[in-house]
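Take a look at the structure set out below.
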Amino acid sequence: MTRAYMDWNATAPLRPEARDAMIAAMDAVGNPSSVHAEGRIATGIIEKARKQVSDAFGASSADIAFTSGATEAAALSLANADIVAAGIEHDCVGAWADNSLKADQDGIVAVDEPAKSTLQAANSETGVLQDLPAGLYLSDYVQAFGKTATAFDWADTTIGLLSAHKLGGPKGVGAFVIKQGVEIIPQIKGGGQEQGRRSGTENIVGIAGFGAAAQAATNDLANGVWDEVAELRDYMEDRIAEVAPDAIFFGKGVKRLPNTSNFAVTGWKGETQVMQMDLAGYAISAGSACSSGKVKASKVLQAMGFDDITASSAIRVSLGPTNTKDEIDGFVSAWGKAYTKYRAKAA
């Protein structure tokens, strides 16, 4: 069976540029904290990647601190902060915040006190993009980075979170971006790496892949690759609406990521649809990759005001540049057959 991968928001396939950079970095024998020639070579790999990430994200290289991923970056940034958030945030952020901000039915959040708030740039489930207020304490840029025109300096955000594997880099490496002069209390203490913000010998191979992926993602964005993905996503939604007029498309009336479609047929469990599509050869999800393995309603959709049944019925299709129109047609056909069976049983 030929399979189609349509779960790019969970993780993007590794870019060839990232793979090449990682393989080259494996030959660097030095410890980047060493001052000899081998150590300086290892340091050079890290600093090259730091510049690639900072250039892609519109930040200063000095603002970038590498971590094991966005979850660790969130913990480092929020462990000692008194911050409010909305229920649509990823769990790695929401776990540290007072989730008292409200999202409307489109998933848009109003922020009264930016300096005391966190607000994601884009939602991983619905793809909804936020207009970030100036002076925001923290924003999760994980899904927006590489898919939309995003720059740290534009947004006037104090801290930003990034993850490599969402844009075609390796898993297990991320970063937080901090305005100069802002103090972060390190949670991992030791040798004082990453400007004292996160001790421990750096993951040179992963960081090299992150930098190369960030640079390649910037090129894709400049070349209009994601505009083509948006056209494919819209085509899919039109086809789904023809097959299932009762389908609800979340966030469709506002700005979204170009690749993301989150929709539901109320009463038809999302987990059931994911399994049916997996058997048909299509990899999709029922929500965030960090929670989709759990049988529960989407907390994002609940925070947007949808009832438990509807929130349990949603699936997410997130596309990428390698997806094709033929794959979309095949998916819609397979999903439509399953929908027809569901409707026949429910009648």
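We label chains A, B, ... in the order they appear in the structure tokens, count residues from 1 in each chain, and number ligands from 1 in the order shown.
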
Please report as JSON lines every residue of region 205-309 of chain A lying within 10 Å of region 38-54 of chain A, along with the nearest atom pair and their distance in Å (one decimal), using only C-alpha atoms.
{"residue": "A:Val205", "atom": "CA", "partner": "A:Ile45", "partner_atom": "CA", "distance": 8.8}
{"residue": "A:Gly206", "atom": "CA", "partner": "A:Ile46", "partner_atom": "CA", "distance": 9.6}
{"residue": "A:Ile207", "atom": "CA", "partner": "A:Ala49", "partner_atom": "CA", "distance": 6.4}
{"residue": "A:Ala208", "atom": "CA", "partner": "A:Ala49", "partner_atom": "CA", "distance": 5.5}
{"residue": "A:Gly209", "atom": "CA", "partner": "A:Ala49", "partner_atom": "CA", "distance": 7.9}
{"residue": "A:Phe210", "atom": "CA", "partner": "A:Ala49", "partner_atom": "CA", "distance": 6.9}
{"residue": "A:Gly211", "atom": "CA", "partner": "A:Ala49", "partner_atom": "CA", "distance": 4.0}
{"residue": "A:Ala212", "atom": "CA", "partner": "A:Ala49", "partner_atom": "CA", "distance": 6.9}
{"residue": "A:Ala213", "atom": "CA", "partner": "A:Val53", "partner_atom": "CA", "distance": 8.6}
{"residue": "A:Ala214", "atom": "CA", "partner": "A:Val53", "partner_atom": "CA", "distance": 5.6}
{"residue": "A:Gln215", "atom": "CA", "partner": "A:Gln52", "partner_atom": "CA", "distance": 5.8}
{"residue": "A:Ala216", "atom": "CA", "partner": "A:Gln52", "partner_atom": "CA", "distance": 9.5}
{"residue": "A:Thr218", "atom": "CA", "partner": "A:Val53", "partner_atom": "CA", "distance": 9.7}

### Task
Within 7 Å of Asn262 (chain A), counting only C-alpha atoms, which residues show up once you throw out same-chain ones fewer than 2 positions away? Write them as a ChimeraX atom specification, please.
/A:125-126,249-250,260,314-317

### Query
With only C-alpha atoms as the basis for distance, which of A:Leu319, A:Ala244, A:Ala70, A:Leu129 is at the shortest distance from Ile159 (chain A)?
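Among the listed residues, A:Ala70 lies closest to Ile159 (chain A).
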
### Message
Rounded to one decimal, what separation in Å do you get between CA of Ala86 (chain A) and CA of Thr118 (chain A)?
### Response
8.2 Å

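Minimum atom-to-atom distances from A:Gly127, A:Pro258, A:Gly168, A:Gly87 to Arg19 (chain A) were compared using only C-alpha atoms, and the lowest value belongs to A:Gly168.
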
### Using only C-alpha atoms: which of A:Asn99, A:Met1, A:Thr340, A:Ala28 has the shortest distance to Lys299 (chain A)
A:Asn99

### Task
For Ala85 (chain A), list every protein, DNA or RNA residue within 7 Å, evaluated using only C-alpha atoms, and leave out those in the same chain fewer than 3 positions away; present the list as a list in words.
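The filter keeps Gly94, Ala97, Asp98, Asn99, Ser100, Leu101, Ser117, Thr118 and Leu119 of chain A.
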
Residues near Gln195 (chain A), anyone? I mean within 12 Å using only C-alpha atoms, not counting same-chain ones fewer than 5 positions away, as a PDB file with C-alpha atoms, in the first residue's frame.
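For reference, around35.pdb as written:
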ATOM      1  CA  SER A  33      33.646  23.956  25.462  1.00  0.00           C
ATOM      2  CA  SER A  61      22.306  35.363  17.310  1.00  0.00           C
ATOM      3  CA  ALA A  62      22.956  36.369  20.905  1.00  0.00           C
ATOM      4  CA  ASP A  63      19.252  35.931  21.652  1.00  0.00           C
ATOM      5  CA  ILE A  64      19.188  32.213  20.719  1.00  0.00           C
ATOM      6  CA  ALA A  65      19.719  29.499  23.342  1.00  0.00           C
ATOM      7  CA  PHE A  66      19.487  25.880  22.203  1.00  0.00           C
ATOM      8  CA  ILE A 178      15.150  35.999  24.539  1.00  0.00           C
ATOM      9  CA  GLN A 180      18.765  40.926  25.448  1.00  0.00           C
ATOM     10  CA  GLU A 183      17.191  37.258  32.884  1.00  0.00           C
ATOM     11  CA  ILE A 184      16.247  33.572  32.894  1.00  0.00           C
ATOM     12  CA  ILE A 185      16.962  31.453  35.975  1.00  0.00           C
ATOM     13  CA  PRO A 186      18.655  28.281  34.695  1.00  0.00           C
ATOM     14  CA  LYS A 189      23.068  23.966  36.186  1.00  0.00           C
ATOM     15  CA  GLY A 190      26.585  22.881  35.411  1.00  0.00           C
ATOM     16  CA  GLY A 200      25.202  20.605  29.398  1.00  0.00           C
ATOM     17  CA  GLU A 202      25.372  20.902  23.308  1.00  0.00           C
TER      18      GLU A 202
END

Taking the chain letters and numbering used in this document, name the residues of region 167-277 of chain A that DSSP puts in strand (DSSP E or B), as a CSV table (one decimal) with all heavy atoms, in the first residue's frame.
chain,number,residue,atom,x,y,z
A,174,GLY,N,15.5,22.2,20.1
A,174,GLY,CA,14.7,23.4,20.0
A,174,GLY,C,15.5,24.6,20.5
A,174,GLY,O,16.7,24.5,20.7
A,175,ALA,N,14.8,25.7,20.8
A,175,ALA,CA,15.5,26.9,21.2
A,175,ALA,C,14.5,27.8,21.9
A,175,ALA,O,13.3,27.7,21.6
A,175,ALA,CB,16.2,27.6,20.1
A,176,PHE,N,15.0,28.7,22.7
A,176,PHE,CA,14.2,29.8,23.1
A,176,PHE,C,15.0,31.1,22.8
A,176,PHE,O,16.2,31.1,22.8
A,176,PHE,CB,13.7,29.8,24.6
A,176,PHE,CG,14.7,29.7,25.6
A,176,PHE,CD1,14.8,30.6,26.7
A,176,PHE,CD2,15.6,28.7,25.7
A,176,PHE,CE1,15.7,30.6,27.7
A,176,PHE,CE2,16.6,28.5,26.7
A,176,PHE,CZ,16.6,29.5,27.7
A,177,VAL,N,14.2,32.1,22.4
A,177,VAL,CA,14.8,33.3,21.9
A,177,VAL,C,14.4,34.4,22.9
A,177,VAL,O,13.2,34.6,23.2
A,177,VAL,CB,14.2,33.7,20.5
A,177,VAL,CG1,15.0,34.8,19.9
A,177,VAL,CG2,14.3,32.4,19.6
A,178,ILE,N,15.4,35.1,23.4
A,178,ILE,CA,15.1,36.0,24.5
A,178,ILE,C,15.7,37.4,24.2
A,178,ILE,O,16.8,37.5,23.7
A,178,ILE,CB,15.9,35.5,25.8
A,178,ILE,CG1,15.6,34.0,26.0
A,178,ILE,CG2,15.4,36.3,27.0
A,178,ILE,CD1,16.5,33.4,27.1
A,248,ILE,N,-17.9,20.6,10.1
A,248,ILE,CA,-17.6,21.9,10.7
A,248,ILE,C,-16.1,22.1,10.5
A,248,ILE,O,-15.3,21.3,10.9
A,248,ILE,CB,-18.0,21.9,12.2
A,248,ILE,CG1,-19.4,21.6,12.4
A,248,ILE,CG2,-17.6,23.3,12.8
A,248,ILE,CD1,-19.8,21.4,13.9
A,249,PHE,N,-15.7,23.2,9.9
A,249,PHE,CA,-14.3,23.5,9.7
A,249,PHE,C,-13.9,24.6,10.8
A,249,PHE,O,-14.4,25.8,10.7
A,249,PHE,CB,-14.0,24.0,8.3
A,249,PHE,CG,-14.2,23.0,7.3
A,249,PHE,CD1,-15.5,22.8,6.7
A,249,PHE,CD2,-13.2,22.1,6.9
A,249,PHE,CE1,-15.7,21.8,5.7
A,249,PHE,CE2,-13.4,21.1,6.0
A,249,PHE,CZ,-14.6,21.0,5.4
A,256,ARG,N,-5.3,31.4,9.1
A,256,ARG,CA,-4.7,30.1,9.6
A,256,ARG,C,-3.4,29.9,8.9
A,256,ARG,O,-3.0,30.5,7.9
A,256,ARG,CB,-5.7,29.0,9.2
A,256,ARG,CG,-7.0,29.0,9.9
A,256,ARG,CD,-7.9,27.8,9.4
A,256,ARG,NE,-8.3,27.9,8.0
A,256,ARG,CZ,-8.8,26.9,7.3
A,256,ARG,NH1,-9.0,25.7,7.8
A,256,ARG,NH2,-9.2,27.2,6.0
A,260,THR,N,-3.1,23.7,7.4
A,260,THR,CA,-3.8,23.1,8.5
A,260,THR,C,-5.3,23.1,8.2
A,260,THR,O,-5.9,24.2,8.0
A,260,THR,CB,-3.5,23.7,9.8
A,260,THR,OG1,-2.0,23.7,10.0
A,260,THR,CG2,-4.1,22.9,11.0
A,261,SER,N,-5.9,22.0,8.4
A,261,SER,CA,-7.4,21.9,8.3
A,261,SER,C,-7.9,21.0,9.5
A,261,SER,O,-7.4,19.9,9.7
A,261,SER,CB,-7.9,21.2,7.0
A,261,SER,OG,-9.3,21.1,7.0
A,262,ASN,N,-8.7,21.6,10.3
A,262,ASN,CA,-9.3,20.9,11.5
A,262,ASN,C,-10.8,20.9,11.3
A,262,ASN,O,-11.4,21.9,11.3
A,262,ASN,CB,-8.8,21.6,12.8
A,262,ASN,CG,-9.2,20.8,14.0
A,262,ASN,OD1,-10.2,21.0,14.6
A,262,ASN,ND2,-8.4,19.8,14.4
A,263,PHE,N,-11.4,19.7,11.2
A,263,PHE,CA,-12.8,19.6,11.0
A,263,PHE,C,-13.5,18.5,11.7
A,263,PHE,O,-12.8,17.5,12.1
A,263,PHE,CB,-13.1,19.6,9.5
A,263,PHE,CG,-12.5,18.5,8.7
A,263,PHE,CD1,-13.2,17.3,8.5
A,263,PHE,CD2,-11.2,18.6,8.2
A,263,PHE,CE1,-12.6,16.2,7.8
A,263,PHE,CE2,-10.7,17.6,7.5
A,263,PHE,CZ,-11.4,16.4,7.3
A,264,ALA,N,-14.8,18.5,11.8
A,264,ALA,CA,-15.5,17.5,12.6
A,264,ALA,C,-16.9,17.3,12.0
A,264,ALA,O,-17.5,18.2,11.4
A,264,ALA,CB,-15.7,17.9,14.0

### Message
Residues near Glu228 (chain A), anyone? I mean within 12 Å using only C-alpha atoms, not counting same-chain ones fewer than 2 positions away, as number ranges by chain.
### Response
A: 147, 220-221, 223-226, 230-235, 258-259, 319-325

### Query
Quick one: of A:Leu14, A:Ser312, A:Trp8, A:Ser285, who's nearest to Ala297 (chain A), counting only C-alpha atoms?
A:Ser312

### Distance criterion (only C-alpha atoms): nearest to Lys179 (chain A) out of A:Glu271, A:Asp156, A:Asp106, A:Asp307
A:Asp156

### Query
Quick one: of A:Gly330, A:Ile188, A:Lys252, A:Gly146, who's nearest to Ala12 (chain A), counting only C-alpha atoms?
A:Gly146
